[in-house]
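Asks: For reference, this is target37.cif, and it has mmCIF, C-alpha atoms (C1' of nucleotides).
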data_my_file
loop_
_atom_site.label_atom_id
_atom_site.label_comp_id
_atom_site.auth_asym_id
_atom_site.auth_seq_id
_atom_site.Cartn_x
_atom_site.Cartn_y
_atom_site.Cartn_z
CA MET A 1 109.98 183.58 86.41
CA GLU A 2 113.36 183.36 84.72
CA THR A 3 114.47 180.83 87.28
CA ARG A 4 111.31 178.85 86.60
CA ILE A 5 112.14 178.71 82.92
CA GLU A 6 115.67 177.66 83.83
CA ARG A 7 114.30 174.77 85.81
CA ILE A 8 111.99 173.73 83.03
CA LYS A 9 114.96 173.88 80.69
CA LYS A 10 116.80 171.47 82.96
CA GLN A 11 113.80 169.16 83.06
CA LEU A 12 113.80 169.08 79.29
CA HIS A 13 117.54 168.49 79.12
CA SER A 14 117.45 165.63 81.57
CA ALA A 15 114.96 163.98 79.25
CA SER A 16 117.28 164.91 76.33
CA TYR A 17 115.05 167.54 74.79
CA LYS A 18 116.07 171.08 73.97
CA LEU A 19 114.43 174.31 75.00
CA THR A 20 114.17 175.75 71.50
CA PRO A 21 112.98 179.34 71.00
CA GLN A 22 109.56 178.05 70.01
CA ARG A 23 109.30 175.88 73.09
CA GLU A 24 110.46 178.73 75.28
CA ALA A 25 107.90 181.08 73.76
CA THR A 26 105.20 178.51 74.44
CA VAL A 27 106.30 177.99 78.03
CA ARG A 28 106.37 181.76 78.57
CA VAL A 29 102.78 182.05 77.43
CA LEU A 30 101.79 179.33 79.86
CA LEU A 31 103.63 181.07 82.70
CA GLU A 32 102.13 184.45 81.86
CA ASN A 33 98.64 182.96 81.85
CA GLU A 34 98.98 180.58 84.71
CA GLU A 35 95.54 181.44 86.08
CA ASP A 36 93.79 180.58 82.85
CA HIS A 37 93.03 177.25 81.31
CA LEU A 38 94.13 177.75 77.76
CA SER A 39 93.34 175.49 74.86
CA ALA A 40 96.04 174.66 72.32
CA GLU A 41 94.46 177.18 69.98
CA ASP A 42 94.52 179.84 72.71
CA VAL A 43 98.19 179.16 73.36
CA TYR A 44 98.93 179.27 69.66
CA LEU A 45 97.32 182.68 69.22
CA LEU A 46 99.13 184.11 72.24
CA VAL A 47 102.49 182.72 71.17
CA LYS A 48 101.92 184.11 67.68
CA GLU A 49 101.67 187.64 69.06
CA LYS A 50 105.33 187.53 70.04
CA SER A 51 106.63 184.85 67.69
CA PRO A 52 104.50 185.15 64.57
CA GLU A 53 106.47 182.55 62.65
CA ILE A 54 105.53 179.67 64.93
CA GLY A 55 103.42 176.85 63.53
CA LEU A 56 100.32 175.36 65.12
CA ALA A 57 101.72 171.84 65.03
CA THR A 58 104.75 172.97 66.98
CA VAL A 59 102.53 174.31 69.73
CA TYR A 60 100.65 171.02 69.84
CA ARG A 61 103.91 169.11 69.92
CA THR A 62 105.30 171.29 72.67
CA LEU A 63 102.19 170.93 74.79
CA GLU A 64 102.30 167.18 74.31
CA LEU A 65 105.94 167.13 75.36
CA LEU A 66 105.29 169.25 78.44
CA THR A 67 102.42 166.97 79.36
CA GLU A 68 104.64 163.94 79.02
CA LEU A 69 107.18 165.51 81.37
CA LYS A 70 104.40 166.39 83.83
CA ILE A 71 105.21 170.08 83.56
CA VAL A 72 101.67 170.76 82.40
CA ASP A 73 98.52 168.70 82.74
CA LYS A 74 96.05 168.20 79.97
CA ILE A 75 92.49 168.54 81.13
CA ASN A 76 89.06 168.46 79.63
CA PHE A 77 86.09 170.28 81.10
CA GLY A 78 83.48 168.81 78.80
CA ASP A 79 83.52 171.31 75.98
CA GLY A 80 85.24 169.61 73.08
CA VAL A 81 88.62 171.18 73.81
CA SER A 82 91.66 170.02 75.73
CA ARG A 83 93.13 172.60 78.03
CA TYR A 84 96.62 172.84 79.43
CA ASP A 85 97.39 173.73 83.00
CA LEU A 86 100.83 174.33 84.51
CA ARG A 87 101.53 172.08 87.44
CA GLN A 88 102.76 173.73 90.64
CA GLU A 89 106.48 173.25 90.97
CA GLY A 90 107.20 170.11 92.90
CA ALA A 91 103.56 169.07 93.08
CA ALA A 92 103.20 165.31 92.99
CA HIS A 93 99.60 165.46 91.91
CA PHE A 94 97.45 167.56 89.68
CA HIS A 95 95.44 170.23 91.45
CA HIS A 96 91.65 170.32 91.53
CA HIS A 97 89.13 172.54 89.79
CA LEU A 98 85.88 174.29 90.53
CA VAL A 99 83.82 174.80 87.39
CA CYS A 100 80.91 177.20 87.72
CA ILE A 101 77.86 176.01 85.81
CA GLU A 102 76.49 179.56 85.79
CA CYS A 103 79.35 181.68 84.48
CA GLY A 104 81.82 179.04 83.32
CA ALA A 105 84.62 180.32 85.55
CA VAL A 106 87.25 177.76 86.50
CA ASP A 107 88.94 178.20 89.86
CA GLU A 108 91.78 176.11 91.20
CA ILE A 109 92.34 174.29 94.44
CA GLN A 110 96.01 173.70 95.10
CA GLU A 111 95.51 171.81 98.38
CA ASP A 112 95.61 168.06 98.07
CA LEU A 113 92.44 167.15 100.06
CA LEU A 114 92.45 163.62 98.64
CA GLU A 115 95.05 161.96 100.84
CA ASP A 116 92.51 160.05 102.93
CA VAL A 117 90.39 159.09 99.96
CA GLU A 118 93.41 157.85 98.07
CA ALA A 119 94.52 155.73 101.00
CA VAL A 120 91.10 154.09 101.03
CA VAL A 121 91.10 153.52 97.28
CA GLU A 122 94.61 152.02 97.27
CA ARG A 123 93.67 149.63 100.04
CA ARG A 124 90.09 148.69 99.19
CA TRP A 125 90.45 148.52 95.41
CA ASN A 126 94.08 147.50 95.38
CA PHE A 127 94.82 150.25 92.88
CA LYS A 128 98.26 151.92 92.76
CA ILE A 129 97.40 155.60 92.28
CA LYS A 130 99.78 157.63 90.14
CA ASP A 131 97.64 160.70 89.53
CA HIS A 132 94.11 162.01 89.76
CA ARG A 133 91.57 164.33 88.20
CA LEU A 134 89.04 165.98 90.49
CA THR A 135 86.60 168.60 89.29
CA PHE A 136 83.58 169.98 91.08
CA HIS A 137 80.68 171.41 89.15
CA GLY A 138 78.51 173.95 90.92
CA ILE A 139 77.95 177.61 91.67
CA CYS A 140 80.95 179.80 92.39
CA TYR A 141 80.95 182.40 95.16
CA ARG A 142 80.56 185.22 92.65
CA CYS A 143 77.38 183.81 91.11
CA GLN A 144 75.96 182.99 94.54
CA ALA A 145 76.38 186.67 95.42
CA LYS A 146 74.61 187.69 92.22
CA VAL A 147 71.57 185.53 93.01
CA GLU A 148 71.37 187.01 96.51
CA GLU A 149 71.38 190.53 95.09
CA LYS A 150 68.40 189.71 92.92
CA THR A 151 66.34 188.11 95.67
CA VAL A 152 66.98 190.97 98.12
CA MET B 1 65.48 145.70 83.39
CA GLU B 2 62.04 146.31 81.97
CA THR B 3 61.10 148.22 85.09
CA ARG B 4 64.23 150.30 84.70
CA ILE B 5 63.22 151.24 81.18
CA GLU B 6 59.76 152.05 82.50
CA ARG B 7 61.25 154.42 85.01
CA ILE B 8 63.43 156.08 82.39
CA LYS B 9 60.31 156.43 80.25
CA LYS B 10 58.63 158.25 83.10
CA GLN B 11 61.63 160.51 83.56
CA LEU B 12 61.44 161.44 79.90
CA HIS B 13 57.71 162.02 80.07
CA SER B 14 57.93 164.25 83.10
CA ALA B 15 60.30 166.41 81.07
CA SER B 16 57.82 166.16 78.16
CA TYR B 17 59.94 163.96 75.94
CA LYS B 18 58.86 160.71 74.38
CA LEU B 19 60.53 157.33 74.55
CA THR B 20 60.61 156.73 70.81
CA PRO B 21 61.72 153.33 69.47
CA GLN B 22 65.11 154.84 68.61
CA ARG B 23 65.54 156.24 72.09
CA GLU B 24 64.47 152.97 73.64
CA ALA B 25 66.93 151.03 71.51
CA THR B 26 69.69 153.38 72.61
CA VAL B 27 68.78 153.08 76.28
CA ARG B 28 68.71 149.28 75.96
CA VAL B 29 72.23 149.26 74.59
CA LEU B 30 73.38 151.38 77.52
CA LEU B 31 71.68 149.03 79.98
CA GLU B 32 73.11 145.93 78.33
CA ASN B 33 76.62 147.39 78.46
CA GLU B 34 76.46 149.07 81.80
CA GLU B 35 79.95 147.94 82.74
CA ASP B 36 81.53 149.51 79.70
CA HIS B 37 82.23 153.12 78.90
CA LEU B 38 80.93 153.42 75.39
CA SER B 39 81.56 156.28 73.02
CA ALA B 40 78.73 157.66 70.90
CA GLU B 41 80.16 155.74 67.97
CA ASP B 42 80.24 152.53 70.03
CA VAL B 43 76.61 153.02 71.02
CA TYR B 44 75.66 153.76 67.44
CA LEU B 45 77.22 150.54 66.15
CA LEU B 46 75.58 148.45 68.86
CA VAL B 47 72.17 150.01 68.33
CA LYS B 48 72.53 149.44 64.59
CA GLU B 49 72.82 145.70 65.14
CA LYS B 50 69.22 145.58 66.32
CA SER B 51 67.82 148.70 64.71
CA PRO B 52 69.78 149.12 61.47
CA GLU B 53 67.70 152.06 60.31
CA ILE B 54 68.82 154.38 63.10
CA GLY B 55 70.89 157.45 62.26
CA LEU B 56 74.07 158.55 63.99
CA ALA B 57 72.72 162.00 64.77
CA THR B 58 69.78 160.45 66.58
CA VAL B 59 72.13 158.55 68.83
CA TYR B 60 74.04 161.74 69.56
CA ARG B 61 70.80 163.59 70.27
CA THR B 62 69.54 160.82 72.53
CA LEU B 63 72.78 160.70 74.50
CA GLU B 64 72.68 164.46 74.87
CA LEU B 65 69.10 164.25 76.09
CA LEU B 66 69.88 161.50 78.58
CA THR B 67 72.83 163.53 79.84
CA GLU B 68 70.62 166.55 80.30
CA LEU B 69 68.20 164.48 82.37
CA LYS B 70 71.10 163.08 84.44
CA ILE B 71 70.25 159.54 83.37
CA VAL B 72 73.71 159.15 81.91
CA ASP B 73 76.90 161.09 82.51
CA LYS B 74 79.22 162.23 79.79
CA ILE B 75 82.84 161.65 80.63
CA ASN B 76 86.17 162.07 78.99
CA PHE B 77 89.21 159.97 79.83
CA GLY B 78 91.69 161.93 77.74
CA ASP B 79 91.45 160.11 74.46
CA GLY B 80 89.59 162.43 72.14
CA VAL B 81 86.24 160.75 72.68
CA SER B 82 83.33 161.43 75.00
CA ARG B 83 81.98 158.39 76.75
CA TYR B 84 78.58 157.84 78.27
CA ASP B 85 78.00 156.14 81.57
CA LEU B 86 74.65 155.19 83.11
CA ARG B 87 74.13 156.72 86.51
CA GLN B 88 73.09 154.39 89.33
CA GLU B 89 69.38 154.77 89.94
CA GLY B 90 68.81 157.39 92.58
CA ALA B 91 72.46 158.38 92.77
CA ALA B 92 72.84 162.06 93.54
CA HIS B 93 76.38 162.17 92.25
CA PHE B 94 78.38 160.65 89.48
CA HIS B 95 80.47 157.66 90.48
CA HIS B 96 84.27 157.59 90.31
CA HIS B 97 86.66 155.84 87.96
CA LEU B 98 89.94 154.01 88.11
CA VAL B 99 91.82 154.21 84.82
CA CYS B 100 94.73 151.83 84.44
CA ILE B 101 97.68 153.43 82.67
CA GLU B 102 99.01 149.99 81.78
CA CYS B 103 96.08 148.19 80.20
CA GLY B 104 93.55 151.00 79.81
CA ALA B 105 90.87 149.25 81.85
CA VAL B 106 88.32 151.50 83.51
CA ASP B 107 86.81 150.31 86.76
CA GLU B 108 84.08 152.03 88.71
CA ILE B 109 83.72 153.08 92.30
CA GLN B 110 80.10 153.45 93.30
CA GLU B 111 80.80 154.58 96.87
CA ASP B 112 80.72 158.32 97.42
CA LEU B 113 84.00 158.79 99.38
CA LEU B 114 83.94 162.55 98.76
CA GLU B 115 81.48 163.65 101.44
CA ASP B 116 84.15 165.06 103.74
CA VAL B 117 86.11 166.68 100.93
CA GLU B 118 82.98 168.30 99.55
CA ALA B 119 82.06 169.68 102.94
CA VAL B 120 85.50 171.31 103.14
CA VAL B 121 85.27 172.71 99.61
CA GLU B 122 81.79 174.14 100.15
CA ARG B 123 82.91 175.86 103.33
CA ARG B 124 86.44 176.98 102.49
CA TRP B 125 85.85 178.00 98.87
CA ASN B 126 82.23 178.97 99.30
CA PHE B 127 81.33 176.84 96.29
CA LYS B 128 77.87 175.23 96.01
CA ILE B 129 78.67 171.76 94.67
CA LYS B 130 76.17 170.23 92.26
CA ASP B 131 78.23 167.38 90.87
CA HIS B 132 81.76 166.08 90.59
CA ARG B 133 84.18 164.17 88.42
CA LEU B 134 86.84 162.08 90.11
CA THR B 135 89.19 159.81 88.21
CA PHE B 136 92.30 158.08 89.48
CA HIS B 137 95.07 157.14 87.11
CA GLY B 138 97.33 154.29 88.14
CA ILE B 139 97.90 150.56 88.02
CA CYS B 140 94.93 148.25 88.41
CA TYR B 141 95.07 145.08 90.55
CA ARG B 142 95.30 142.92 87.44
CA CYS B 143 98.39 144.66 86.08
CA GLN B 144 100.02 144.70 89.51
CA ALA B 145 99.62 140.92 89.56
CA LYS B 146 101.21 140.64 86.13
CA VAL B 147 104.31 142.57 87.21
CA GLU B 148 104.71 140.34 90.26
CA GLU B 149 104.60 137.24 88.09
CA LYS B 150 107.46 138.51 85.98
CA THR B 151 109.68 139.48 88.89
CA VAL B 152 109.20 136.12 90.61
"C1'" DA C 1 135.87 174.89 60.28
"C1'" DT C 2 133.32 171.05 57.67
"C1'" DA C 3 130.71 167.33 56.58
"C1'" DG C 4 127.37 164.30 58.35
"C1'" DT C 5 123.73 162.97 61.47
"C1'" DA C 6 119.85 163.78 64.39
"C1'" DA C 7 116.34 166.77 66.22
"C1'" DT C 8 113.04 170.19 65.39
"C1'" DT C 9 110.08 173.02 62.78
"C1'" DG C 10 106.40 175.05 59.40
"C1'" DT C 11 103.25 174.07 55.99
"C1'" DT C 12 99.78 171.54 54.33
"C1'" DA C 13 96.86 167.69 53.98
"C1'" DC C 14 94.18 164.68 56.41
"C1'" DT C 15 91.31 162.36 59.98
"C1'" DT C 16 87.50 162.17 62.80
"C1'" DA C 17 84.30 163.47 66.63
"C1'" DA C 18 80.59 166.21 66.86
"C1'" DT C 19 77.18 169.57 65.17
"C1'" DA C 20 74.05 171.90 61.89
"C1'" DT C 21 70.79 171.65 58.18
"C1'" DT C 22 66.85 170.16 55.98
"C1'" DA C 23 63.35 167.51 54.15
"C1'" DA C 24 60.64 163.62 55.52
"C1'" DT C 25 58.28 161.11 58.98
"C1'" DT C 26 55.71 160.38 63.07
"C1'" DA C 27 52.90 161.65 66.80
"C1'" DT C 28 49.65 164.75 68.95
"C1'" DA C 29 45.77 168.18 69.15
"C1'" DA C 30 41.90 170.63 67.36
"C1'" DT D 1 40.48 164.89 58.93
"C1'" DT D 2 43.56 168.73 59.11
"C1'" DA D 3 46.98 171.23 61.34
"C1'" DT D 4 50.80 171.60 64.45
"C1'" DA D 5 54.68 170.02 66.87
"C1'" DA D 6 58.23 166.65 67.79
"C1'" DT D 7 61.41 163.55 66.04
"C1'" DT D 8 64.15 161.37 62.69
"C1'" DA D 9 67.59 160.04 58.72
"C1'" DA D 10 70.68 161.58 55.64
"C1'" DT D 11 73.96 164.66 54.45
"C1'" DA D 12 76.94 168.55 54.72
"C1'" DT D 13 79.76 171.09 57.64
"C1'" DT D 14 82.81 172.45 61.42
"C1'" DA D 15 86.77 172.22 64.09
"C1'" DA D 16 90.21 169.83 67.13
"C1'" DG D 17 93.89 167.26 66.60
"C1'" DT D 18 97.28 164.36 63.92
"C1'" DA D 19 100.26 162.84 60.08
"C1'" DA D 20 103.42 163.60 56.34
"C1'" DC D 21 107.27 165.64 54.65
"C1'" DA D 22 110.48 168.84 53.06
"C1'" DA D 23 113.28 172.47 55.10
"C1'" DT D 24 115.76 174.24 58.81
"C1'" DT D 25 118.50 174.10 62.91
"C1'" DA D 26 121.59 172.07 66.19
"C1'" DC D 27 124.89 168.86 67.52
"C1'" DT D 28 129.00 165.41 66.63
"C1'" DA D 29 133.14 163.75 64.92
"C1'" DT D 30 136.56 164.35 62.26
#
Could you write out this structure as structure tokens?
Replies:
Amino acid sequence: METRIERIKKQLHSASYKLTPQREATVRVLLENEEDHLSAEDVYLLVKEKSPEIGLATVYRTLELLTELKIVDKINFGDGVSRYDLRQEGAAHFHHHLVCIECGAVDEIQEDLLEDVEAVVERRWNFKIKDHRLTFHGICYRCQAKVEEKTV
Amino acid sequence: METRIERIKKQLHSASYKLTPQREATVRVLLENEEDHLSAEDVYLLVKEKSPEIGLATVYRTLELLTELKIVDKINFGDGVSRYDLRQEGAAHFHHHLVCIECGAVDEIQEDLLEDVEAVVERRWNFKIKDHRLTFHGICYRCQAKVEEKTV
DNA sequence: ATAGTAATTGTTACTTAATATTAATTATAA
DNA sequence: TTATAATTAATATTAAGTAACAATTACTAT
């Protein structure tokens, strides 16, 4: 955890940004809630718990900065809110998501899975892929279990 | 074109909705700009050209309705605006997109390409897939050509 | 250390996409 | 025709995100 923050600090420095206390507090919230898909507002409220003096605009600016440095990815699941998701360390591409249309849960897929598809797209469409967004909408394993219970 | 509107009319009717003049005007704009990825505001302005009396909320409601019936898909490319994209007739799944990070162009891929990946996801994550969103970010063939010109 | 410069922040105002409200209109059914 | 339901236009409202700007903090060069 600490080492992860250290590495993020270095990433910022090599792009000539500083890891200010506000930025560190924001990064810590993201690390502590890595499983979730927090909106900027969510992050703001969580950061405020430990650093009440922080301003909303600073959180937005920090998230924008982290997005720019590919430390987090900004994603949109169709509700009107952008969400921020820490990238796995060293991951070249953004991971995928499973959005349950029953319960709204969002699960992550860290495996790439798209290598073959991307090779086809690069060749057939002559498109130089830099990143991707892949989200599946459907029924998660938990909700499938619930339906079975009812029908039994 | 006319037959396509007829079929959309039937889809609406079988869900007990009417194809009002306002809804028809909106659908026509979507059909006439099938290549584009219009925002609700874009659609509103285009519909207004031919039906100046239409209200913005009606356009929003119509787009929401068409989304619900899977006639169009709502998509978000990261700018703060939702865009609406006609689904290919009979297509089970939403098509994919290529977003150019140089010029902003959005191209479409109508081929599925995800069949194998979806089979893996359904099995390994026990997730019942109903739909998907796949967008690649990168450099389109046009911008690649431009860079080559410069370096020659 | 000190003055000066640049980066960063907090507050507040503002913009704008999208939704909610409501009265009026249109279509449908009895 | 009268009543009922669906749909609409106009307007007000909400809320995510951005912009402006003065104040603070950090760094640089003397």
Asks: Quick check on the file I pasted: which residues fall under the PyMOL selection byres ((chain B and resi 95) around 8)? Write them as a VMD selection string.
Replies: chain B and resid 87 93 to 94 96 to 97 108 to 112 133 to 134
Asks: Residues of chain A within 9 Å of chain D, counting all atoms listed in the file - could you list those as a list in words?
Replies: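 Every residue of chain A that passes the 9 Å test is in Glu41, Ala57, Tyr60, Gly80, Val81 and Ser82 of chain A.
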Asks: Taking into account all atoms listed in the file, which residue in the set B:Leu12, B:Ala91, B:Ala105, B:Leu113 is nearest to Thr62 of chain B?
Replies: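 Comparing B:Leu12, B:Ala91, B:Ala105, B:Leu113 against Thr62 of chain B, the winner is B:Leu12.
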Asks: Counting only C-alpha atoms (C1' of nucleotides), a student should be able to say which residues of chain C come within 10 Å of chain B; what is the right answer, written as a ChimeraX atom specification?
Replies: /C:16-19,26-27
Asks: Which residues, named as in the file, does the PyMOL selection byres ((chain B) within 7 of (chain A)) pick out? Answer as a compact mmCIF listing (two decimals) with C-alpha atoms, in the coordinates of the input.
Replies:
# COMPACT_ATOMS: atom_id res chain seq x y z
CA LEU B 113 84.00 158.79 99.38
CA VAL B 117 86.11 166.68 100.93
CA ASN B 126 82.23 178.97 99.30
CA PHE B 127 81.33 176.84 96.29
CA LYS B 128 77.87 175.23 96.01
CA ILE B 129 78.67 171.76 94.67
CA LYS B 130 76.17 170.23 92.26
CA ASP B 131 78.23 167.38 90.87
CA HIS B 132 81.76 166.08 90.59
CA ARG B 133 84.18 164.17 88.42
CA LEU B 134 86.84 162.08 90.11
CA THR B 135 89.19 159.81 88.21
CA PHE B 136 92.30 158.08 89.48
CA HIS B 137 95.07 157.14 87.11
CA GLY B 138 97.33 154.29 88.14
CA ILE B 139 97.90 150.56 88.02
CA CYS B 140 94.93 148.25 88.41
CA TYR B 141 95.07 145.08 90.55
Asks: Using atom CA of Ile54 of chain B and atom CA of Gln22 of chain B as the two end points, give the distance in Å to one decimal.
Replies: 6.7 Å
Asks: Could you state which residues are captured by the PyMOL selection byres ((chain B and resi 44) around 8) in this file, as a list in words?
Replies: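 Checking the PyMOL selection byres ((chain B and resi 44) around 8) against this file, the residues are Thr26, Ala40, Glu41, Asp42, Val43, Leu45, Leu46, Val47, Lys48, Gly55, Leu56 and Val59 of chain B.
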Asks: To one decimal place in Å, what is the distance between atom CA of Val72 of chain B and atom CA of Tyr84 of chain B?
Replies: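 Calculated distance between atom CA of Val72 of chain B and atom CA of Tyr84 of chain B is 6.2 Å.
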Asks: Work out how far apart atom CA of Val27 of chain A and atom CA of Leu63 of chain A are and give it in Å to one decimal.
Replies: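 Atom-to-atom, atom CA of Val27 of chain A and atom CA of Leu63 of chain A are spaced 8.8 Å apart.
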Asks: Starting from the block above, write segment 7-27 of chain C out to a file with N, CA, C and O atoms (P, O5', C5', C4', C3', O3' and C1' of nucleotides), as a compact mmCIF listing (two decimals), in the first residue's frame, please.
Replies:
# COMPACT_ATOMS: atom_id res chain seq x y z
P DA C 7 4.54 26.38 -13.07
O5' DA C 7 3.89 25.69 -11.79
C5' DA C 7 4.71 24.92 -10.94
C4' DA C 7 3.90 24.45 -9.75
C3' DA C 7 2.61 23.71 -10.10
O3' DA C 7 2.56 22.55 -9.29
C1' DA C 7 2.13 25.52 -8.65
P DT C 8 1.43 21.49 -9.44
O5' DT C 8 0.39 21.95 -8.32
C5' DT C 8 0.80 21.95 -6.96
C4' DT C 8 -0.30 22.54 -6.12
C3' DT C 8 -1.70 21.94 -6.35
O3' DT C 8 -2.03 21.19 -5.18
C1' DT C 8 -1.75 24.30 -6.06
P DT C 9 -3.42 20.51 -5.04
O5' DT C 9 -4.24 21.62 -4.26
C5' DT C 9 -3.77 22.10 -3.00
C4' DT C 9 -4.67 23.21 -2.51
C3' DT C 9 -6.16 22.84 -2.47
O3' DT C 9 -6.59 22.85 -1.13
C1' DT C 9 -5.81 24.99 -3.46
P DG C 10 -7.99 22.23 -0.74
O5' DG C 10 -8.88 23.54 -0.61
C5' DG C 10 -8.50 24.53 0.33
C4' DG C 10 -9.54 25.65 0.35
C3' DG C 10 -10.99 25.16 0.40
O3' DG C 10 -11.69 25.99 1.32
C1' DG C 10 -10.64 26.45 -1.59
P DT C 11 -13.21 25.74 1.64
O5' DT C 11 -13.93 26.95 0.89
C5' DT C 11 -13.30 28.22 0.87
C4' DT C 11 -14.01 29.14 -0.10
C3' DT C 11 -15.53 28.91 -0.23
O3' DT C 11 -16.18 30.12 0.09
C1' DT C 11 -14.51 29.06 -2.37
P DT C 12 -17.77 30.20 0.18
O5' DT C 12 -18.16 30.75 -1.26
C5' DT C 12 -17.38 31.78 -1.86
C4' DT C 12 -17.76 31.92 -3.31
C3' DT C 12 -19.25 31.69 -3.59
O3' DT C 12 -19.79 32.87 -4.16
C1' DT C 12 -17.90 30.52 -5.15
P DA C 13 -21.27 32.92 -4.74
O5' DA C 13 -21.02 32.93 -6.32
C5' DA C 13 -19.97 33.73 -6.85
C4' DA C 13 -19.85 33.47 -8.34
C3' DA C 13 -21.19 33.46 -9.07
O3' DA C 13 -21.03 34.11 -10.33
C1' DA C 13 -20.12 31.37 -9.36
P DC C 14 -22.26 34.29 -11.32
O5' DC C 14 -22.05 33.10 -12.36
C5' DC C 14 -20.77 32.97 -12.99
C4' DC C 14 -20.75 31.66 -13.77
C3' DC C 14 -21.95 31.46 -14.69
O3' DC C 14 -21.46 31.50 -16.02
C1' DC C 14 -21.37 29.46 -13.48
P DT C 15 -22.52 31.47 -17.25
O5' DT C 15 -22.40 29.97 -17.75
C5' DT C 15 -21.10 29.41 -17.95
C4' DT C 15 -21.25 27.93 -18.26
C3' DT C 15 -22.36 27.62 -19.26
O3' DT C 15 -21.79 26.88 -20.30
C1' DT C 15 -22.55 26.26 -17.32
P DT C 16 -22.59 26.57 -21.66
O5' DT C 16 -23.24 25.16 -21.37
C5' DT C 16 -22.42 24.09 -20.89
C4' DT C 16 -23.29 22.91 -20.53
C3' DT C 16 -24.54 22.76 -21.42
O3' DT C 16 -24.75 21.39 -21.61
C1' DT C 16 -25.18 22.78 -19.20
P DA C 17 -25.11 20.81 -23.08
O5' DA C 17 -25.45 19.29 -22.76
C5' DA C 17 -24.51 18.52 -22.05
C4' DA C 17 -25.23 17.60 -21.09
C3' DA C 17 -26.39 16.83 -21.71
O3' DA C 17 -26.29 15.49 -21.28
C1' DA C 17 -27.15 18.05 -19.81
P DA C 18 -27.32 14.41 -21.85
O5' DA C 18 -28.49 14.46 -20.80
C5' DA C 18 -28.17 14.11 -19.45
C4' DA C 18 -29.37 14.39 -18.58
C3' DA C 18 -30.68 13.79 -19.08
O3' DA C 18 -31.06 12.77 -18.16
C1' DA C 18 -30.97 15.99 -18.24
P DT C 19 -32.49 12.07 -18.25
O5' DT C 19 -33.35 12.85 -17.15
C5' DT C 19 -32.80 13.02 -15.85
C4' DT C 19 -33.78 13.80 -15.00
C3' DT C 19 -35.21 13.24 -15.00
O3' DT C 19 -35.61 13.12 -13.65
C1' DT C 19 -35.22 15.55 -15.51
P DA C 20 -37.03 12.52 -13.28
O5' DA C 20 -37.84 13.83 -12.89
C5' DA C 20 -37.27 14.74 -11.97
C4' DA C 20 -38.30 15.82 -11.64
C3' DA C 20 -39.74 15.33 -11.52
O3' DA C 20 -40.33 16.01 -10.43
C1' DA C 20 -39.57 16.96 -13.25
P DT C 21 -41.89 15.80 -10.09
O5' DT C 21 -42.58 17.08 -10.75
C5' DT C 21 -41.96 18.35 -10.59
C4' DT C 21 -42.87 19.44 -11.14
C3' DT C 21 -44.36 19.11 -11.06
O3' DT C 21 -45.05 20.29 -10.66
C1' DT C 21 -43.76 19.59 -13.30
P DT C 22 -46.56 20.20 -10.08
O5' DT C 22 -47.39 20.96 -11.21
C5' DT C 22 -46.80 22.07 -11.91
C4' DT C 22 -47.58 22.35 -13.17
C3' DT C 22 -49.01 21.79 -13.17
O3' DT C 22 -49.88 22.73 -13.76
C1' DT C 22 -47.91 21.07 -15.08
P DA C 23 -51.42 22.78 -13.37
O5' DA C 23 -51.98 23.83 -14.43
C5' DA C 23 -51.09 24.76 -15.08
C4' DA C 23 -51.24 24.63 -16.58
C3' DA C 23 -52.69 24.45 -17.05
O3' DA C 23 -52.93 25.31 -18.16
C1' DA C 23 -51.34 22.71 -17.92
P DA C 24 -54.31 25.30 -18.97
O5' DA C 24 -53.91 24.65 -20.36
C5' DA C 24 -52.80 25.21 -21.08
C4' DA C 24 -52.56 24.37 -22.32
C3' DA C 24 -53.81 24.13 -23.17
O3' DA C 24 -53.46 24.29 -24.54
C1' DA C 24 -52.83 22.06 -22.59
P DT C 25 -54.60 24.25 -25.67
O5' DT C 25 -54.30 22.89 -26.43
C5' DT C 25 -52.98 22.64 -26.92
C4' DT C 25 -52.84 21.16 -27.25
C3' DT C 25 -53.87 20.63 -28.24
O3' DT C 25 -53.17 20.22 -29.40
C1' DT C 25 -53.53 19.14 -26.43
P DT C 26 -53.97 19.93 -30.76
O5' DT C 26 -54.01 18.33 -30.76
C5' DT C 26 -52.79 17.59 -30.63
C4' DT C 26 -53.11 16.16 -30.26
C3' DT C 26 -54.15 15.50 -31.16
O3' DT C 26 -53.52 14.47 -31.88
C1' DT C 26 -54.50 15.01 -28.85
P DA C 27 -54.31 13.65 -33.01
O5' DA C 27 -54.70 12.34 -32.19
C5' DA C 27 -53.66 11.52 -31.66
C4' DA C 27 -54.25 10.51 -30.71
C3' DA C 27 -55.27 9.56 -31.35
O3' DA C 27 -54.90 8.24 -30.99
C1' DA C 27 -56.14 10.48 -29.37
